[in-house]
$ cat target-v3.cif   # mmCIF, C-alpha atoms and all ligand atoms
data_work
loop_
_atom_site.label_atom_id
_atom_site.label_comp_id
_atom_site.auth_asym_id
_atom_site.auth_seq_id
_atom_site.Cartn_x
_atom_site.Cartn_y
_atom_site.Cartn_z
CA MET A 1 13.57 -19.57 -35.19
CA LEU A 2 15.76 -22.13 -33.43
CA ASN A 3 14.29 -24.62 -31.04
CA ILE A 4 16.53 -27.15 -29.34
CA GLU A 5 14.42 -29.77 -27.58
CA ASN A 6 15.79 -32.20 -24.99
CA LEU A 7 19.03 -32.61 -26.91
CA THR A 8 21.26 -35.37 -25.52
CA LYS A 9 24.56 -36.86 -26.63
CA ILE A 10 25.97 -39.95 -24.99
CA PHE A 11 29.53 -41.19 -25.61
CA GLY A 12 29.76 -44.64 -24.03
CA ALA A 13 29.19 -44.14 -20.32
CA ASN A 14 29.59 -40.37 -20.61
CA THR A 15 26.65 -38.02 -21.18
CA ALA A 16 28.32 -35.06 -22.91
CA VAL A 17 25.09 -33.10 -23.50
CA ASP A 18 22.26 -33.87 -21.13
CA ASN A 19 18.68 -33.00 -22.04
CA VAL A 20 19.39 -29.46 -23.25
CA SER A 21 16.48 -27.27 -24.35
CA ILE A 22 17.07 -23.79 -25.76
CA LYS A 23 14.64 -21.57 -27.62
CA VAL A 24 15.80 -18.66 -29.78
CA ASP A 25 13.05 -16.42 -31.14
CA LYS A 26 15.07 -14.00 -33.21
CA PRO A 27 18.63 -13.45 -34.48
CA MET A 28 20.99 -12.31 -31.73
CA MET A 29 24.43 -13.02 -30.41
CA ILE A 30 24.54 -15.86 -27.90
CA GLY A 31 27.57 -16.83 -25.83
CA VAL A 32 27.92 -20.31 -24.39
CA ILE A 33 30.22 -20.58 -21.41
CA GLY A 34 31.28 -23.33 -19.07
CA ALA A 35 34.30 -25.24 -17.86
CA SER A 36 36.25 -27.52 -20.18
CA GLY A 37 34.25 -30.71 -20.76
CA ALA A 38 30.89 -29.04 -20.05
CA GLY A 39 29.56 -30.08 -23.47
CA LYS A 40 29.82 -26.76 -25.35
CA SER A 41 31.58 -28.13 -28.43
CA THR A 42 29.42 -31.24 -28.63
CA MET A 43 26.31 -29.06 -28.61
CA LEU A 44 27.57 -26.85 -31.45
CA ARG A 45 28.68 -29.92 -33.41
CA MET A 46 25.20 -31.41 -33.12
CA LEU A 47 23.69 -28.14 -34.31
CA ASN A 48 25.48 -28.30 -37.63
CA ARG A 49 25.33 -32.09 -37.77
CA LEU A 50 29.04 -32.79 -37.42
CA GLU A 51 27.82 -35.03 -34.62
CA ASP A 52 24.51 -36.92 -34.46
CA ALA A 53 22.31 -36.49 -31.40
CA SER A 54 21.58 -39.52 -29.22
CA SER A 55 18.11 -38.15 -28.59
CA GLY A 56 16.17 -34.91 -28.79
CA ARG A 57 15.48 -32.61 -31.73
CA ILE A 58 16.73 -29.39 -33.27
CA LEU A 59 14.08 -27.42 -35.12
CA PHE A 60 14.99 -24.50 -37.35
CA ASP A 61 12.05 -22.49 -38.68
CA GLY A 62 9.89 -25.48 -37.85
CA GLN A 63 12.01 -28.06 -39.69
CA ASP A 64 13.66 -30.90 -37.78
CA VAL A 65 17.31 -30.71 -38.86
CA THR A 66 18.42 -33.70 -36.76
CA SER A 67 16.91 -36.13 -39.25
CA LEU A 68 18.19 -34.57 -42.49
CA GLN A 69 20.26 -36.81 -44.76
CA GLY A 70 22.30 -36.46 -47.96
CA ALA A 71 21.82 -33.24 -49.93
CA ASP A 72 19.37 -31.87 -47.36
CA LYS A 73 21.92 -32.35 -44.60
CA ARG A 74 24.62 -30.65 -46.67
CA ARG A 75 22.28 -27.73 -47.36
CA TRP A 76 21.70 -27.37 -43.63
CA GLN A 77 25.44 -27.47 -42.99
CA ALA A 78 25.84 -24.64 -45.50
CA ASP A 79 23.17 -22.73 -43.59
CA CYS A 80 25.11 -22.92 -40.34
CA ALA A 81 28.72 -21.98 -40.89
CA MET A 82 31.27 -23.12 -38.32
CA ILE A 83 34.30 -21.19 -37.08
CA PHE A 84 36.92 -23.14 -35.11
CA GLN A 85 39.58 -22.27 -32.57
CA GLN A 86 42.30 -23.45 -34.96
CA PHE A 87 40.83 -21.65 -38.02
CA ASN A 88 40.76 -24.86 -40.17
CA LEU A 89 42.03 -23.16 -43.32
CA VAL A 90 43.94 -24.91 -46.09
CA PRO A 91 47.38 -23.58 -45.09
CA ARG A 92 49.14 -23.76 -48.46
CA MET A 93 46.24 -22.32 -50.40
CA ASP A 94 45.85 -18.58 -50.98
CA VAL A 95 43.45 -16.56 -48.86
CA VAL A 96 40.86 -15.86 -51.56
CA SER A 97 40.66 -19.58 -52.49
CA ASN A 98 40.14 -20.41 -48.83
CA VAL A 99 37.23 -17.97 -48.75
CA LEU A 100 35.82 -19.42 -51.99
CA HIS A 101 35.75 -22.80 -50.26
CA GLY A 102 32.73 -21.36 -48.47
CA THR A 103 30.73 -21.96 -51.66
CA LEU A 104 31.82 -25.63 -52.04
CA ASN A 105 28.57 -27.20 -50.96
CA LYS A 106 26.72 -25.19 -53.58
CA ARG A 107 28.89 -26.16 -56.57
CA SER A 108 29.20 -29.20 -58.83
CA THR A 109 31.94 -31.77 -58.22
CA THR A 110 33.50 -31.03 -61.61
CA ALA A 111 33.75 -27.31 -60.95
CA THR A 112 35.23 -28.12 -57.56
CA LEU A 113 37.79 -30.56 -58.94
CA PHE A 114 39.07 -28.04 -61.44
CA ASN A 115 38.96 -25.17 -58.99
CA LEU A 116 36.62 -23.23 -61.26
CA TYR A 117 34.89 -20.35 -59.59
CA PRO A 118 32.52 -17.90 -61.29
CA THR A 119 33.94 -14.39 -61.50
CA SER A 120 31.00 -13.11 -59.48
CA ASP A 121 32.03 -15.39 -56.60
CA ILE A 122 35.63 -14.18 -56.76
CA HIS A 123 34.43 -10.58 -56.59
CA ARG A 124 32.19 -11.39 -53.68
CA ALA A 125 35.04 -13.10 -51.83
CA LEU A 126 37.20 -10.01 -52.34
CA ASP A 127 34.40 -7.74 -51.14
CA ILE A 128 34.03 -9.80 -47.97
CA LEU A 129 37.79 -9.68 -47.34
CA GLU A 130 37.67 -5.91 -47.89
CA ARG A 131 34.88 -5.58 -45.37
CA LEU A 132 36.93 -7.49 -42.82
CA GLY A 133 39.99 -5.33 -43.50
CA ILE A 134 42.18 -8.11 -44.92
CA ALA A 135 41.80 -7.69 -48.69
CA GLY A 136 45.46 -6.78 -48.87
CA HIS A 137 46.32 -10.39 -47.99
CA ALA A 138 44.04 -11.98 -50.61
CA ALA A 139 46.85 -13.46 -52.72
CA LYS A 140 48.98 -14.72 -49.84
CA ARG A 141 49.02 -18.29 -48.63
CA ALA A 142 46.85 -18.67 -45.56
CA GLU A 143 49.82 -20.01 -43.56
CA ALA A 144 51.68 -16.72 -44.09
CA LEU A 145 49.10 -14.80 -42.02
CA SER A 146 49.01 -14.22 -38.27
CA GLY A 147 46.49 -16.13 -36.16
CA GLY A 148 44.16 -13.15 -35.95
CA GLN A 149 44.28 -12.65 -39.71
CA GLN A 150 43.66 -16.36 -40.30
CA GLN A 151 40.61 -16.28 -38.07
CA ARG A 152 39.29 -13.34 -40.08
CA VAL A 153 39.78 -15.41 -43.25
CA ALA A 154 37.75 -18.16 -41.58
CA ILE A 155 35.03 -15.59 -40.81
CA ALA A 156 35.14 -14.46 -44.45
CA ARG A 157 34.74 -18.09 -45.56
CA ALA A 158 31.74 -18.40 -43.25
CA VAL A 159 30.16 -15.21 -44.65
CA MET A 160 30.76 -16.52 -48.18
CA GLN A 161 28.33 -19.34 -47.34
CA ASP A 162 25.67 -16.71 -46.59
CA PRO A 163 24.63 -18.75 -43.55
CA LYS A 164 21.54 -18.31 -41.40
CA ILE A 165 23.53 -19.22 -38.30
CA VAL A 166 27.18 -18.64 -37.53
CA LEU A 167 28.60 -21.09 -34.99
CA ALA A 168 31.96 -20.31 -33.44
CA ASP A 169 33.76 -22.77 -31.16
CA GLU A 170 36.15 -20.81 -28.93
CA PRO A 171 37.08 -18.50 -31.82
CA ILE A 172 39.52 -16.40 -29.78
CA ALA A 173 41.09 -19.03 -27.53
CA SER A 174 44.32 -19.04 -29.57
CA LEU A 175 44.57 -15.29 -30.08
CA ASP A 176 46.26 -12.44 -28.25
CA PRO A 177 43.95 -9.82 -26.66
CA MET A 178 44.11 -7.35 -29.54
CA ASN A 179 43.25 -9.95 -32.17
CA ALA A 180 40.64 -11.45 -29.86
CA GLN A 181 38.92 -8.07 -29.77
CA ILE A 182 39.02 -7.67 -33.56
CA VAL A 183 37.59 -11.15 -34.12
CA MET A 184 34.83 -10.63 -31.53
CA ASP A 185 33.96 -7.26 -33.11
CA ASP A 186 33.71 -9.01 -36.49
CA LEU A 187 31.44 -11.74 -35.12
CA ARG A 188 29.27 -9.08 -33.53
CA ARG A 189 28.98 -7.33 -36.92
CA LEU A 190 27.65 -10.55 -38.47
CA HIS A 191 24.68 -10.03 -36.21
CA ASP A 192 24.43 -6.24 -36.11
CA GLU A 193 24.95 -5.60 -39.82
CA ASP A 194 23.81 -8.85 -41.46
CA GLY A 195 21.10 -9.87 -38.99
CA ARG A 196 22.50 -13.37 -38.51
CA LEU A 197 22.11 -15.56 -35.45
CA VAL A 198 25.58 -15.98 -33.95
CA ILE A 199 26.31 -18.64 -31.32
CA ALA A 200 29.81 -18.64 -29.88
CA ASN A 201 31.36 -20.95 -27.31
CA LEU A 202 33.58 -18.71 -25.24
CA HIS A 203 36.20 -19.69 -22.72
CA THR A 204 36.02 -16.43 -20.82
CA LEU A 205 33.27 -14.75 -18.89
CA ASP A 206 34.17 -11.16 -19.65
CA THR A 207 33.97 -11.73 -23.42
CA ALA A 208 30.51 -13.27 -23.08
CA ARG A 209 29.39 -10.34 -20.92
CA ARG A 210 30.79 -7.73 -23.23
CA TYR A 211 29.67 -9.05 -26.61
CA CYS A 212 26.58 -11.20 -26.17
CA ASP A 213 22.88 -10.43 -25.89
CA ARG A 214 22.25 -13.72 -24.13
CA VAL A 215 24.53 -16.03 -22.20
CA ILE A 216 24.00 -19.76 -21.74
CA GLY A 217 26.02 -21.47 -19.02
CA MET A 218 26.67 -25.21 -19.24
CA ARG A 219 27.91 -27.56 -16.57
CA HIS A 220 28.21 -31.36 -16.85
CA GLY A 221 26.23 -31.28 -20.10
CA ARG A 222 23.31 -29.34 -18.69
CA VAL A 223 22.18 -25.75 -19.08
CA VAL A 224 22.58 -24.21 -15.62
CA PHE A 225 22.24 -20.56 -16.64
CA ASP A 226 20.32 -18.82 -19.40
CA GLY A 227 20.00 -15.07 -19.18
CA THR A 228 21.30 -11.64 -20.03
CA PRO A 229 24.87 -10.52 -19.31
CA ASP A 230 23.44 -8.37 -16.47
CA GLN A 231 22.05 -11.46 -14.79
CA LEU A 232 25.43 -13.17 -14.97
CA THR A 233 26.58 -12.29 -11.49
CA THR A 234 29.69 -13.65 -9.83
CA GLY A 235 27.45 -16.07 -7.95
CA ALA A 236 25.90 -17.31 -11.19
CA ALA A 237 29.36 -17.69 -12.69
CA ARG A 238 30.45 -19.70 -9.69
CA ASP A 239 27.55 -22.10 -10.29
CA ILE A 240 28.47 -22.46 -13.96
CA TYR A 241 32.16 -23.09 -13.44
CA GLY A 242 31.62 -25.05 -10.27
CA ALA A 243 34.33 -23.17 -8.52
CA ASP A 244 34.68 -23.10 -4.74
CA ALA A 245 34.92 -20.00 -2.56
CA SER A 246 38.29 -19.19 -4.05
CA PHE A 247 36.64 -18.64 -7.44
CA SER A 248 38.14 -15.68 -9.12
CA GLU A 249 36.84 -13.98 -12.23
CA ALA A 250 40.40 -13.42 -13.26
CA ALA A 251 40.70 -17.15 -13.90
CA THR A 252 38.10 -16.94 -16.64
CA SER A 253 39.12 -13.62 -18.06
CA THR A 254 40.91 -12.48 -21.17
CA SER A 255 42.37 -9.03 -21.11
CA ILE A 256 40.12 -7.60 -23.82
CA GLU A 257 38.58 -5.32 -21.20
CA ALA A 258 41.99 -4.06 -20.25
CA LEU A 259 42.66 -3.03 -23.80
CA ASN A 260 41.54 0.53 -23.98
CA THR A 261 43.05 1.17 -27.35
CA PRO A 262 40.50 1.69 -30.11
CA ARG A 263 40.21 -1.00 -32.71
CA PRO A 264 42.69 -0.33 -35.55
CA ALA A 265 41.01 0.57 -38.84
CA ALA A 266 43.24 -1.72 -40.86
CA VAL A 267 45.69 -4.51 -40.26
CA PRO A 268 49.29 -3.34 -40.19
CA ALA A 269 51.13 -4.99 -43.06
N1 LIG B 1 34.16 -37.83 -29.81
C1 LIG B 1 34.06 -38.04 -28.48
N2 LIG B 1 34.14 -39.27 -27.96
C2 LIG B 1 34.03 -39.48 -26.64
N3 LIG B 1 33.83 -38.51 -25.73
C3 LIG B 1 33.75 -37.25 -26.19
C4 LIG B 1 33.86 -36.94 -27.58
N4 LIG B 1 33.73 -35.60 -27.73
C5 LIG B 1 33.56 -35.10 -26.49
N5 LIG B 1 33.55 -36.07 -25.56
C6 LIG B 1 33.35 -35.90 -24.12
O1 LIG B 1 32.16 -35.18 -23.93
C7 LIG B 1 32.29 -34.24 -22.87
C8 LIG B 1 32.00 -32.85 -23.38
O2 LIG B 1 33.05 -32.46 -24.26
P1 LIG B 1 33.03 -31.12 -25.09
O3 LIG B 1 31.72 -31.00 -25.78
O4 LIG B 1 34.25 -31.10 -25.92
O5 LIG B 1 33.10 -30.03 -23.92
P2 LIG B 1 33.60 -28.52 -23.99
O6 LIG B 1 33.58 -28.07 -25.40
O7 LIG B 1 32.64 -27.77 -23.11
O8 LIG B 1 34.98 -28.51 -23.41
C9 LIG B 1 33.69 -34.41 -22.32
O9 LIG B 1 33.63 -35.27 -21.22
C10 LIG B 1 34.44 -35.06 -23.47
O10 LIG B 1 35.49 -35.87 -23.01
MG MG B 2 35.09 -27.30 -26.54
#

$ encode --input "target-v3.cif" --output "structure tokens" --more "lines below"
Ligand SMILES: Nc1ncnc2c1ncn2[C@@H]1O[C@H](COP(=O)(O)OP(=O)(O)O)[C@@H](O)[C@H]1O
Ligand SMILES: [Mg+2]
Amino acid sequence: MLNIENLTKIFGANTAVDNVSIKVDKPMMIGVIGASGAGKSTMLRMLNRLEDASSGRILFDGQDVTSLQGADKRRWQADCAMIFQQFNLVPRMDVVSNVLHGTLNKRSTTATLFNLYPTSDIHRALDILERLGIAGHAAKRAEALSGGQQQRVAIARAVMQDPKIVLADEPIASLDPMNAQIVMDDLRRLHDEDGRLVIANLHTLDTARRYCDRVIGMRHGRVVFDGTPDQLTTGAARDIYGADASFSEAATSTSIEALNTPRPAAVPA
């Protein structure tokens, strides 16, 4: 379904993504790991065309998305929703309006200017918030929510787009372990329950191992590992992160694993 061919991005003298080829045959959850500066964000940004490739192609269901322009490009961007480390919500706007923003690229400019949403969309937004356990916050301003709740609003906004691919760039890097676990569980559900392809850049090894079907390791812009979590041995991790003999998994670990408490059914008010 997704075929990345020899994708390269050059910034001046710096090759951020270097001849990357990745083939994905069916929807799954993929984790991309690697040290800071390895090219993870640049690769995701090229996938949804926030950044143009220097060379190479991205084919989705046979169509080259790297050359799309105008309305076609916007349609593709709606098809691959992006979730960011810093949530990227409109802080002063209420939660449900933030979620409704997920339909922006499908609506007319006039409707957008006057903030007119069809009732069916509002109901759908509320259903999605309900599913993510945050419907109780629908009327609050986004800025009034905790980081974990805000990231769930961002996930709701992504689902509102009904995307084929969900891209997440270090979605839990700003969250405490409990919220990190909730957000990762939610991303996993977007694959398990909705059948979407989820690609997440992750800053920790244990999260990639625990949640992903496939792990891609990047170093200096290149793919240096591509396999299952089982194949991601300490030795493989050392190659990805380029650590010396003192490499410790603890350095690339969140404490999600240490949290043995079951996931709470609802968010405490
Ligand atoms: N807009 C940009 N202009 C110039 N260099 C950039 C830009 N974005 C990223 N880079 C460089 O590209 C490399 C890869 O960055 P990035 O994709 O952000 O890595 P990662 O997400 O793995 O930390 C880094 O050397 C970074 O400095
Ligand atoms: Mg990054």

$ closest_residue --input "target-v3.cif" --among "A:Arg188, A:His101, A:His203, A:Arg74" --to "Met29 of chain A" --atoms "only C-alpha atoms"
A:Arg188

$ residues_near_ligand --input "target-v3.cif" --ligand "ligand LIG 1 (chain B)" --cutoff "6 Å" --atoms "only C-alpha atoms and all ligand atoms" --output "list in words"
Phe11, Ala16, Ser36, Gly37, Ala38, Gly39, Lys40, Ser41 and Thr42 of chain A

$ closest_atom_pairs --input "target-v3.cif" --of "chain A" --to "ligand MG 2 (chain B)" --cutoff "12 Å" --atoms "only C-alpha atoms and all ligand atoms" --output "CSV"
residue,atom,partner,partner_atom,distance
A:Ala16,CA,B:MG2,MG,10.9
A:Val17,CA,B:MG2,MG,12.0
A:Val32,CA,B:MG2,MG,10.2
A:Ile33,CA,B:MG2,MG,9.8
A:Gly34,CA,B:MG2,MG,9.3
A:Ala35,CA,B:MG2,MG,9.0
A:Ser36,CA,B:MG2,MG,6.5
A:Gly37,CA,B:MG2,MG,6.8
A:Ala38,CA,B:MG2,MG,7.9
A:Gly39,CA,B:MG2,MG,6.9
A:Lys40,CA,B:MG2,MG,5.4
A:Ser41,CA,B:MG2,MG,4.1
A:Thr42,CA,B:MG2,MG,7.2
A:Met43,CA,B:MG2,MG,9.2
A:Leu44,CA,B:MG2,MG,9.0
A:Arg45,CA,B:MG2,MG,9.8
A:Phe84,CA,B:MG2,MG,9.7
A:Gln85,CA,B:MG2,MG,9.0
A:Gln86,CA,B:MG2,MG,11.7
A:Ala168,CA,B:MG2,MG,10.3
A:Asp169,CA,B:MG2,MG,6.6
A:Glu170,CA,B:MG2,MG,7.0
A:Pro171,CA,B:MG2,MG,10.5
A:Ala173,CA,B:MG2,MG,10.3
A:Ala200,CA,B:MG2,MG,10.7
A:Asn201,CA,B:MG2,MG,7.4
A:Leu202,CA,B:MG2,MG,8.8
A:His203,CA,B:MG2,MG,8.6
A:Met218,CA,B:MG2,MG,11.3
A:Gly221,CA,B:MG2,MG,11.7

$ residues_around --input "target-v3.cif" --residues "segment 222-236 of chain A" --least-positions-apart "4" --cutoff "12 Å" --atoms "all atoms listed in the file" --output "VMD selection string"
chain A and resid 4 6 to 9 15 to 24 28 to 35 37 to 40 42 to 43 205 to 218 240 to 250 252

$ atom_distance --input "target-v3.cif" --atom1 "atom CA of Arg124 of chain A" --atom2 "atom CA of Met160 of chain A"
7.7 Å

$ atom_distance --input "target-v3.cif" --atom1 "atom CA of Asp72 of chain A" --atom2 "atom CA of Ser97 of chain A"
25.1 Å

$ closest_residue --input "target-v3.cif" --among "A:Gln69, A:Ser120, A:Asn98, A:Ser55" --to "Ala138 of chain A" --atoms "only C-alpha atoms"
A:Asn98

$ atom_distance --input "target-v3.cif" --atom1 "atom CA of Ser67 of chain A" --atom2 "atom CA of Asn3 of chain A"
14.4 Å

$ closest_residue --input "target-v3.cif" --among "A:Gln77, A:Thr66, A:Thr204, A:Asn48" --to "Glu5 of chain A" --atoms "all atoms listed in the file"
A:Thr66

$ axis_aligned_box --input "target-v3.cif" --around "segment 117-136 of chain A" --padding-each-side "8 Å" --output "AutoDock Vina command-line options"
--center_x 38.2 --center_y -12.8 --center_z -52.2 --size_x 30.5 --size_y 31.0 --size_z 34.7

$ residues_around --input "target-v3.cif" --residues "Ser174 of chain A" --least-positions-apart "5" --cutoff "10 Å" --atoms "only C-alpha atoms" --output "PyMOL selection string"
chain A and resi 85-87+147-148+151+179-180

$ build_atoms --input "target-v3.cif" --residues "segment 73-94 of chain A" --atoms "N, CA and C atoms" --output "short mmCIF file (atom, residue, chain, number, x, y, z; two decimals), in the coordinates of the input"
data_model
loop_
_atom_site.label_atom_id
_atom_site.label_comp_id
_atom_site.auth_asym_id
_atom_site.auth_seq_id
_atom_site.Cartn_x
_atom_site.Cartn_y
_atom_site.Cartn_z
N LYS A 73 21.00 -32.56 -45.72
CA LYS A 73 21.92 -32.35 -44.60
C LYS A 73 23.04 -31.38 -45.01
N ARG A 74 23.55 -31.56 -46.21
CA ARG A 74 24.62 -30.65 -46.67
C ARG A 74 24.11 -29.21 -46.80
N ARG A 75 22.87 -29.07 -47.25
CA ARG A 75 22.28 -27.73 -47.36
C ARG A 75 22.17 -27.10 -45.97
N TRP A 76 21.78 -27.90 -45.00
CA TRP A 76 21.70 -27.37 -43.63
C TRP A 76 23.10 -26.97 -43.14
N GLN A 77 24.08 -27.79 -43.45
CA GLN A 77 25.44 -27.47 -42.99
C GLN A 77 25.96 -26.18 -43.63
N ALA A 78 25.49 -25.90 -44.86
CA ALA A 78 25.84 -24.64 -45.50
C ALA A 78 25.13 -23.47 -44.81
N ASP A 79 23.96 -23.76 -44.28
CA ASP A 79 23.17 -22.73 -43.59
C ASP A 79 23.72 -22.38 -42.22
N CYS A 80 24.51 -23.26 -41.63
CA CYS A 80 25.11 -22.92 -40.34
C CYS A 80 26.63 -23.08 -40.40
N ALA A 81 27.26 -22.00 -40.72
CA ALA A 81 28.72 -21.98 -40.89
C ALA A 81 29.40 -22.17 -39.54
N MET A 82 30.55 -22.84 -39.56
CA MET A 82 31.27 -23.12 -38.32
C MET A 82 32.64 -22.44 -38.35
N ILE A 83 32.98 -21.82 -37.24
CA ILE A 83 34.30 -21.19 -37.08
C ILE A 83 34.98 -21.89 -35.91
N PHE A 84 36.23 -22.32 -36.11
CA PHE A 84 36.92 -23.14 -35.11
C PHE A 84 38.06 -22.38 -34.44
N GLN A 85 38.45 -22.90 -33.29
CA GLN A 85 39.58 -22.27 -32.57
C GLN A 85 40.84 -22.25 -33.44
N GLN A 86 41.07 -23.34 -34.16
CA GLN A 86 42.30 -23.45 -34.96
C GLN A 86 42.11 -23.07 -36.42
N PHE A 87 41.08 -22.26 -36.72
CA PHE A 87 40.83 -21.65 -38.02
C PHE A 87 40.42 -22.65 -39.11
N ASN A 88 41.07 -23.83 -39.16
CA ASN A 88 40.76 -24.86 -40.17
C ASN A 88 40.80 -24.35 -41.61
N LEU A 89 41.83 -23.58 -41.93
CA LEU A 89 42.03 -23.16 -43.32
C LEU A 89 42.89 -24.20 -44.02
N VAL A 90 42.97 -24.10 -45.35
CA VAL A 90 43.94 -24.91 -46.09
C VAL A 90 45.22 -24.09 -46.13
N PRO A 91 46.25 -24.47 -45.34
CA PRO A 91 47.38 -23.58 -45.09
C PRO A 91 48.16 -23.16 -46.34
N ARG A 92 48.31 -24.08 -47.29
CA ARG A 92 49.14 -23.76 -48.46
C ARG A 92 48.36 -23.06 -49.57
N MET A 93 47.06 -22.94 -49.37
CA MET A 93 46.24 -22.32 -50.40
C MET A 93 46.10 -20.82 -50.12
N ASP A 94 45.95 -20.02 -51.18
CA ASP A 94 45.85 -18.58 -50.98
C ASP A 94 44.55 -18.23 -50.25
#
